[in-house]
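Structure file data_24.txt with compact mmCIF, C-alpha atoms:
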# COMPACT_ATOMS: atom_id res chain seq x y z
CA MET A 96 -33.69 13.80 -5.44
CA ASP A 97 -31.21 15.83 -3.41
CA ILE A 98 -28.69 17.59 -5.68
CA SER A 99 -25.73 16.31 -3.65
CA LEU A 100 -26.94 12.73 -4.09
CA LEU A 101 -27.41 13.30 -7.82
CA VAL A 102 -23.82 14.59 -8.09
CA GLN A 103 -22.42 11.68 -6.07
CA LEU A 104 -24.22 9.10 -8.19
CA SER A 105 -23.22 10.83 -11.43
CA ILE A 106 -19.54 10.81 -10.44
CA LEU A 107 -19.86 7.17 -9.42
CA GLY A 108 -21.45 6.31 -12.77
CA ILE A 109 -18.64 8.07 -14.63
CA VAL A 110 -15.94 6.23 -12.66
CA VAL A 111 -17.62 2.84 -12.95
CA GLY A 112 -18.37 3.20 -16.66
CA PHE A 113 -14.83 4.29 -17.41
CA ALA A 114 -13.36 1.47 -15.31
CA ALA A 115 -15.66 -1.07 -16.95
CA GLY A 116 -14.39 -0.17 -20.39
CA LEU A 117 -10.78 0.23 -19.29
CA LEU A 118 -10.43 -3.00 -17.30
CA GLY A 119 -13.26 -5.17 -18.61
CA ILE A 120 -15.09 -5.37 -15.27
CA GLY A 121 -18.75 -5.10 -14.37
CA GLY A 122 -18.10 -2.50 -11.69
CA GLY A 123 -19.52 -4.25 -8.61
CA GLY A 124 -16.21 -4.00 -6.78
CA ILE A 125 -16.46 -0.22 -6.93
CA LEU A 126 -20.22 0.15 -6.66
CA VAL A 127 -20.94 -1.91 -3.55
CA PRO A 128 -18.72 -0.17 -0.96
CA VAL A 129 -19.46 3.31 -2.32
CA LEU A 130 -23.22 2.76 -2.50
CA THR A 131 -23.21 1.24 0.99
CA GLY A 132 -21.75 4.47 2.32
CA ILE A 133 -24.17 6.62 0.31
CA PHE A 134 -27.28 4.67 1.32
CA ILE A 135 -26.35 4.70 5.01
CA THR A 136 -25.22 8.34 5.27
CA GLN A 137 -28.18 9.56 3.20
CA GLN A 138 -30.54 7.56 5.44
CA ILE A 139 -31.97 5.79 2.39
CA ALA A 140 -31.45 2.39 4.01
CA PRO A 141 -29.73 2.65 7.39
CA THR A 142 -30.64 -0.94 8.29
CA TYR A 143 -30.28 -2.62 4.90
CA GLY A 144 -27.51 -0.48 3.42
CA VAL A 145 -25.34 -3.39 2.30
CA HIS A 146 -28.29 -5.37 0.95
CA LEU A 147 -29.54 -2.39 -1.05
CA ALA A 148 -26.03 -1.68 -2.34
CA LEU A 149 -25.62 -5.28 -3.52
CA GLY A 150 -28.99 -5.43 -5.28
CA THR A 151 -28.57 -2.01 -6.86
CA SER A 152 -25.06 -2.87 -8.04
CA MET A 153 -26.38 -6.03 -9.68
CA ALA A 154 -28.96 -3.97 -11.56
CA CYS A 155 -26.35 -1.40 -12.59
CA ILE A 156 -23.98 -3.95 -14.09
CA MET A 157 -26.68 -5.27 -16.40
CA THR A 158 -25.80 -2.34 -18.64
CA THR A 159 -22.04 -2.89 -18.65
CA THR A 160 -22.27 -6.67 -19.08
CA PHE A 161 -24.77 -6.39 -21.94
CA SER A 162 -22.65 -3.80 -23.72
CA SER A 163 -19.54 -5.90 -23.29
CA ALA A 164 -21.27 -9.10 -24.38
CA PHE A 165 -22.68 -7.48 -27.52
CA SER A 166 -19.25 -6.12 -28.44
CA HIS A 167 -17.60 -9.53 -28.07
CA TYR A 168 -20.46 -11.15 -30.01
CA LYS A 169 -19.85 -8.81 -32.94
CA HIS A 170 -16.19 -9.85 -32.91
CA HIS A 171 -17.13 -13.57 -32.85
CA ASN A 172 -15.46 -14.15 -29.48
CA VAL A 173 -18.29 -16.02 -27.77
CA GLU A 174 -18.14 -19.81 -27.35
CA TRP A 175 -21.85 -20.57 -27.23
CA PHE A 176 -21.39 -24.19 -26.17
CA TYR A 177 -20.09 -23.12 -22.75
CA VAL A 178 -22.48 -20.19 -22.48
CA LYS A 179 -25.45 -22.51 -22.98
CA ALA A 180 -23.98 -25.04 -20.57
CA LEU A 181 -23.27 -22.52 -17.80
CA VAL A 182 -26.23 -20.15 -17.93
CA PRO A 183 -29.09 -22.45 -16.73
CA THR A 184 -27.37 -23.44 -13.48
CA ILE A 185 -25.91 -19.95 -13.04
CA VAL A 186 -29.45 -18.58 -13.06
CA VAL A 187 -30.54 -21.24 -10.57
CA GLY A 188 -27.56 -20.52 -8.33
CA ALA A 189 -28.04 -16.75 -8.49
CA ILE A 190 -31.76 -16.78 -7.72
CA SER A 191 -31.45 -19.51 -5.08
CA ILE A 192 -28.77 -17.70 -3.07
CA SER A 193 -30.81 -14.49 -3.21
CA PHE A 194 -33.42 -16.15 -0.96
CA LEU A 195 -30.79 -16.27 1.80
CA ILE A 196 -29.60 -12.66 1.40
CA PRO A 197 -32.39 -10.98 3.43
CA PHE A 198 -31.58 -13.21 6.42
CA ILE A 199 -27.84 -12.53 6.43
CA ASN A 200 -26.69 -9.78 8.77
CA SER A 201 -25.30 -6.70 7.00
CA GLU A 202 -22.01 -7.03 8.89
CA TYR A 203 -21.52 -10.60 7.66
CA LEU A 204 -22.28 -9.57 4.08
CA ALA A 205 -19.78 -6.72 4.35
CA ILE A 206 -17.10 -9.03 5.74
CA PHE A 207 -17.65 -11.63 3.01
CA PHE A 208 -17.56 -8.98 0.30
CA ALA A 209 -14.40 -7.38 1.72
CA ILE A 210 -12.56 -10.71 2.05
CA PHE A 211 -13.56 -11.85 -1.44
CA MET A 212 -12.50 -8.58 -3.06
CA PHE A 213 -9.28 -8.51 -1.03
CA LEU A 214 -8.34 -12.00 -2.26
CA MET A 215 -9.19 -11.09 -5.84
CA ALA A 216 -7.10 -7.94 -5.50
CA ILE A 217 -4.09 -9.90 -4.24
CA LYS A 218 -4.41 -12.31 -7.14
CA MET A 219 -4.72 -9.46 -9.64
CA PHE A 220 -1.79 -7.54 -8.16
CA ALA A 221 0.47 -10.59 -8.00
CA ASN A 222 -0.38 -11.76 -11.50
CA PRO A 223 -1.85 -8.87 -13.53
CA SER A 224 -1.12 -10.53 -16.87
CA LEU A 225 -3.59 -12.73 -18.67
CA PRO A 226 -3.99 -16.39 -17.64
CA SER A 227 -1.29 -18.81 -18.73
CA ASP A 228 -1.51 -20.65 -22.01
CA LYS A 229 -1.08 -23.84 -19.97
CA PRO A 230 -3.55 -23.39 -17.12
CA LYS A 231 -4.29 -25.91 -14.43
CA LYS A 232 -7.05 -28.29 -15.50
CA ILE A 233 -10.34 -27.88 -13.62
CA ASN A 234 -12.38 -31.09 -13.79
CA ILE A 235 -15.74 -29.57 -12.91
CA ALA A 236 -18.70 -29.89 -15.27
CA PRO A 237 -20.14 -26.58 -16.50
CA SER A 238 -23.52 -27.37 -14.97
CA VAL A 239 -21.94 -27.79 -11.53
CA ALA A 240 -19.57 -24.83 -11.90
CA GLY A 241 -22.52 -22.65 -12.87
CA LEU A 242 -24.18 -23.10 -9.48
CA GLY A 243 -21.11 -21.86 -7.63
CA ILE A 244 -20.43 -19.03 -10.06
CA GLY A 245 -24.03 -17.81 -9.93
CA GLY A 246 -24.20 -17.99 -6.15
CA ILE A 247 -20.89 -16.26 -5.39
CA SER A 248 -21.43 -13.62 -8.07
CA THR A 249 -24.82 -12.74 -6.59
CA VAL A 250 -23.56 -12.50 -3.01
CA VAL A 251 -20.80 -10.03 -3.97
CA ALA A 252 -22.67 -8.39 -6.88
CA ILE A 253 -20.17 -9.01 -9.68
CA GLY A 254 -20.61 -10.05 -13.29
CA GLY A 255 -18.67 -13.24 -12.65
CA GLY A 256 -15.70 -12.60 -14.92
CA VAL A 257 -13.11 -13.26 -12.20
CA LEU A 258 -14.58 -16.74 -11.84
CA VAL A 259 -15.71 -17.57 -15.37
CA VAL A 260 -12.57 -16.59 -17.30
CA PRO A 261 -10.12 -18.86 -15.40
CA TYR A 262 -12.64 -21.70 -15.60
CA LEU A 263 -13.07 -21.41 -19.37
CA VAL A 264 -9.34 -21.04 -19.96
CA SER A 265 -8.83 -24.27 -17.99
CA LYS A 266 -11.25 -25.91 -20.41
CA GLY A 267 -9.04 -25.04 -23.35
CA LEU A 268 -10.50 -21.77 -24.63
CA ASN A 269 -8.06 -19.11 -25.72
CA ILE A 270 -8.14 -15.98 -23.60
CA LYS A 271 -10.10 -13.84 -26.08
CA ARG A 272 -12.92 -16.38 -26.38
CA ALA A 273 -12.86 -16.96 -22.62
CA ILE A 274 -13.32 -13.25 -21.95
CA GLY A 275 -15.99 -12.94 -24.64
CA SER A 276 -17.89 -15.95 -23.34
CA SER A 277 -17.57 -14.65 -19.79
CA SER A 278 -19.16 -11.37 -20.89
CA ALA A 279 -22.08 -13.28 -22.41
CA VAL A 280 -22.48 -15.22 -19.15
CA GLY A 281 -22.25 -12.04 -17.06
CA PHE A 282 -25.48 -10.57 -18.40
CA PRO A 283 -27.78 -13.40 -17.23
CA ILE A 284 -25.94 -13.36 -13.88
CA ALA A 285 -26.78 -9.68 -13.50
CA VAL A 286 -30.39 -10.13 -14.63
CA SER A 287 -31.14 -13.14 -12.44
CA GLY A 288 -29.32 -11.61 -9.47
CA THR A 289 -31.30 -8.39 -9.85
CA ILE A 290 -34.59 -10.28 -10.02
CA GLY A 291 -33.64 -12.24 -6.91
CA TYR A 292 -32.68 -9.13 -4.94
CA ALA A 293 -35.84 -7.32 -6.05
CA ILE A 294 -38.22 -10.14 -5.13
CA ASN A 295 -36.63 -11.15 -1.84
CA GLY A 296 -36.07 -7.58 -0.76
CA TYR A 297 -39.74 -6.85 -1.42
CA LEU A 298 -40.82 -9.89 0.60
CA ASN A 299 -38.52 -9.39 3.57
CA ALA A 300 -37.46 -5.74 3.98
CA GLY A 301 -40.56 -4.11 5.39
CA ASP A 302 -39.14 -0.63 6.03
CA LEU A 303 -37.80 -0.33 2.49
CA ALA A 304 -41.27 -1.06 1.09
CA GLU A 305 -42.30 2.45 2.10
CA ASN A 306 -39.66 4.01 -0.17
CA ALA A 307 -41.16 4.71 -3.60
CA ASP A 308 -37.68 4.76 -5.18
CA VAL A 309 -36.92 1.20 -4.10
CA ILE A 310 -38.05 -2.14 -5.50
CA GLY A 311 -36.96 -4.84 -3.09
CA PHE A 312 -33.22 -4.31 -2.67
CA VAL A 313 -32.87 -2.21 -5.85
CA HIS A 314 -32.72 1.60 -5.76
CA ILE A 315 -34.13 2.62 -9.13
CA PRO A 316 -32.81 6.23 -9.39
CA THR A 317 -29.28 4.98 -8.71
CA VAL A 318 -29.60 2.33 -11.42
CA LEU A 319 -30.80 4.88 -13.97
CA ILE A 320 -28.12 7.47 -13.20
CA VAL A 321 -25.16 5.08 -12.97
CA SER A 322 -26.27 3.17 -16.07
CA PHE A 323 -26.71 6.39 -18.05
CA TRP A 324 -23.14 7.53 -17.40
CA GLY A 325 -21.82 4.02 -17.78
CA LEU A 326 -23.13 3.78 -21.33
CA PHE A 327 -21.24 6.92 -22.33
CA LEU A 328 -17.99 6.32 -20.44
CA ALA A 329 -17.45 2.59 -21.08
CA PRO A 330 -16.50 3.13 -24.75
CA VAL A 331 -14.06 5.87 -23.69
CA GLY A 332 -12.38 3.53 -21.24
CA ALA A 333 -12.27 0.72 -23.80
CA LYS A 334 -10.60 3.01 -26.32
CA LEU A 335 -7.98 4.10 -23.79
CA SER A 336 -7.29 0.51 -22.74
CA ASN A 337 -5.67 -0.11 -26.11
CA LYS A 338 -3.08 2.58 -25.39
CA LEU A 339 -2.09 1.85 -21.78
CA PRO A 340 -0.30 -1.16 -20.24
CA ILE A 341 -3.07 -3.34 -18.81
CA SER A 342 -0.76 -4.95 -16.22
CA VAL A 343 -0.14 -1.57 -14.59
CA LEU A 344 -3.82 -0.64 -14.74
CA LYS A 345 -4.83 -3.89 -13.07
CA LYS A 346 -2.35 -3.32 -10.26
CA ILE A 347 -3.82 0.13 -9.69
CA PHE A 348 -7.34 -1.30 -9.71
CA ALA A 349 -6.29 -4.05 -7.29
CA LEU A 350 -5.06 -1.43 -4.83
CA LEU A 351 -8.32 0.46 -5.31
CA MET A 352 -10.33 -2.67 -4.48
CA VAL A 353 -8.34 -3.17 -1.28
CA GLY A 354 -8.96 0.45 -0.27
CA LEU A 355 -12.69 0.21 -1.03
CA SER A 356 -13.01 -3.06 0.88
CA ILE A 357 -11.39 -1.50 3.94
CA LYS A 358 -13.59 1.57 3.54
CA MET A 359 -16.71 -0.60 3.47
CA LEU A 360 -15.72 -2.35 6.71
CA MET A 361 -15.08 1.04 8.32
CA ILE A 362 -18.54 2.25 7.26
CA ILE A 363 -20.27 -0.83 8.67
CA PHE A 364 -18.36 -1.08 11.92
CA SER A 365 -17.98 2.62 12.71
CA PRO A 366 -19.70 3.63 15.96

What does this structure look like when you write it as structure tokens?
Amino acid sequence: MDISLLVQLSILGIVVGFAAGLLGIGGGGILVPVLTGIFITQQIAPTYGVHLALGTSMACIMTTTFSSAFSHYKHHNVEWFYVKALVPTIVVGAISISFLIPFINSEYLAIFFAIFMFLMAIKMFANPSLPSDKPKKINIAPSVAGLGIGGISTVVAIGGGVLVVPYLVSKGLNIKRAIGSSSAVGFPIAVSGTIGYAINGYLNAGDLAENADVIGFVHIPTVLIVSFWGLFLAPVGAKLSNKLPISVLKKIFALLMVGLSIKMLMIIFSP
């Protein structure tokens, strides 16, 4: 591996791991636009840069979601009733949507990702505090909600927390158990999404099949490097999160997501 690529991925892993612990995110919002730029400029996947970034991001966040889920489990903040109800259809939704990914143009994927992250950023910036104690009731069965959560999370390569937490709070869970349960749900989203990207990338992306570092739409060296640093930096971020005002941090992260979304569109549509 080129030393410059190793340095870039190491820095990315440090940032993502720290942000995951600090803000309780999987890291897909940071990983996807940055990896898209790296894969295209490094000529790793000039045609399937976005696809490879999405699949690789999904594989990377397996580490952060598992670590987070295990931590919440130890603190008894997982509501297993909803986890068991959501996970089966989330897995179905995640794997099913992955069959469409290879046939979606990279530009369309980039636009969808940018719009989704931009909307989430606006919501986070406008209301950085935790959900209300009296949230709006969502009358959607967990089995049905799981399909949508799994599908959307796979398309934009996120752990699903931005979708799962508000849903569980609307069902009456307190915020701590909603976040803990969301973490437990995030891991199977990441696993099933990664499997889907790996299989469908292998079946449909012929030019990537010649790259020994790639399995489907998953770049293995990137996963190993980012995950390695993420394991070390996530606890550091989590420790610091107890000392800083989360509302301010979320506003900063929201602005970062907007900037990264714009950057991704510039990478894709630059001449």

- Task: May I ask which of the residues A:Gly256, A:Gly150, A:Gly243, A:Gly332 is the closest one to His314 of chain A, counting only C-alpha atoms?
- Result: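 Of A:Gly256, A:Gly150, A:Gly243, A:Gly332, the one nearest His314 of chain A is A:Gly150, counting only C-alpha atoms.
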
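Residue nearest Lys266 of chain A within the list A:Phe208, A:Phe194, A:Phe176, A:Gly245: A:Phe176 [criterion: smallest interatomic distance, all atoms listed in the file].
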
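Taking only C-alpha atoms into account, the residues near (-33.6, 2.9, -11.5), no farther than 12 Å, are A:Leu104, A:Gly150, A:Thr151, A:Ser152, A:Met153, A:Ala154, A:Cys155, A:Met157, A:Thr158, A:Thr289, A:Ala293, A:Ala307, A:Asp308, A:Val309, A:Ile310, A:Gly311, A:Phe312, A:Val313, A:His314, A:Ile315, A:Pro316, A:Thr317, A:Val318, A:Leu319, A:Ile320, A:Val321, A:Ser322, A:Phe323.
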
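For Leu181 of chain A, the residues within 10 Å (counting only C-alpha atoms, excluding itself and residues fewer than 6 positions away along the chain) are A:Trp175, A:Ala236, A:Pro237, A:Ser238, A:Val239, A:Ala240, A:Gly241, A:Leu242, A:Ile244, A:Gly245, A:Val259, A:Ser277, A:Val280.
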
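Minimum distance to Phe211 of chain A across A:Ser105, A:Ser276, A:Gln137, A:Ser356 (counting only C-alpha atoms) occurs at A:Ser356.
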
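Put simply, atom CA of Thr136 of chain A is 16.9 Å away from atom CA of Ile106 of chain A.
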
- Of the residues A:Ala279, A:Leu214, A:Ala273, A:Leu126, which is the one nearest to Val182 of chain A, using only C-alpha atoms? A:Ala279

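Atom CA of Ser191 of chain A sits 9.3 Å away from atom CA of Gly288 of chain A.
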
Could you complete segment 133-145 of chain A so that it carries N, CA and C atoms, and give it back as an mmCIF file, in the frame of the given file?
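Below is the file that was written, rebuild.cif:
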data_model
loop_
_atom_site.group_PDB
_atom_site.id
_atom_site.type_symbol
_atom_site.label_atom_id
_atom_site.label_comp_id
_atom_site.auth_asym_id
_atom_site.auth_seq_id
_atom_site.Cartn_x
_atom_site.Cartn_y
_atom_site.Cartn_z
ATOM 1 N N ILE A 133 -23.165 5.633 0.724
ATOM 2 C CA ILE A 133 -24.170 6.620 0.310
ATOM 3 C C ILE A 133 -25.535 6.300 0.923
ATOM 4 N N PHE A 134 -25.949 5.044 0.840
ATOM 5 C CA PHE A 134 -27.280 4.670 1.320
ATOM 6 C C PHE A 134 -27.401 4.826 2.839
ATOM 7 N N ILE A 135 -26.301 4.575 3.550
ATOM 8 C CA ILE A 135 -26.350 4.700 5.010
ATOM 9 C C ILE A 135 -26.292 6.167 5.430
ATOM 10 N N THR A 136 -25.365 6.927 4.868
ATOM 11 C CA THR A 136 -25.220 8.340 5.270
ATOM 12 C C THR A 136 -26.411 9.178 4.827
ATOM 13 N N GLN A 137 -27.011 8.824 3.690
ATOM 14 C CA GLN A 137 -28.180 9.560 3.200
ATOM 15 C C GLN A 137 -29.486 9.084 3.839
ATOM 16 N N GLN A 138 -29.368 8.108 4.740
ATOM 17 C CA GLN A 138 -30.540 7.560 5.440
ATOM 18 C C GLN A 138 -31.559 6.942 4.491
ATOM 19 N N ILE A 139 -31.069 6.471 3.337
ATOM 20 C CA ILE A 139 -31.970 5.790 2.390
ATOM 21 C C ILE A 139 -32.274 4.387 2.902
ATOM 22 N N ALA A 140 -31.256 3.730 3.460
ATOM 23 C CA ALA A 140 -31.450 2.390 4.010
ATOM 24 C C ALA A 140 -30.455 2.164 5.138
ATOM 25 N N PRO A 141 -30.675 2.788 6.289
ATOM 26 C CA PRO A 141 -29.730 2.650 7.390
ATOM 27 C C PRO A 141 -29.594 1.225 7.916
ATOM 28 N N THR A 142 -30.663 0.440 7.795
ATOM 29 C CA THR A 142 -30.640 -0.940 8.290
ATOM 30 C C THR A 142 -30.165 -1.920 7.219
ATOM 31 N N TYR A 143 -30.596 -1.697 5.995
ATOM 32 C CA TYR A 143 -30.280 -2.620 4.900
ATOM 33 C C TYR A 143 -29.344 -1.977 3.875
ATOM 34 N N GLY A 144 -28.405 -1.181 4.333
ATOM 35 C CA GLY A 144 -27.510 -0.480 3.420
ATOM 36 C C GLY A 144 -26.713 -1.395 2.518
ATOM 37 N N VAL A 145 -26.143 -2.451 3.094
ATOM 38 C CA VAL A 145 -25.340 -3.390 2.300
ATOM 39 C C VAL A 145 -26.226 -4.163 1.331
#
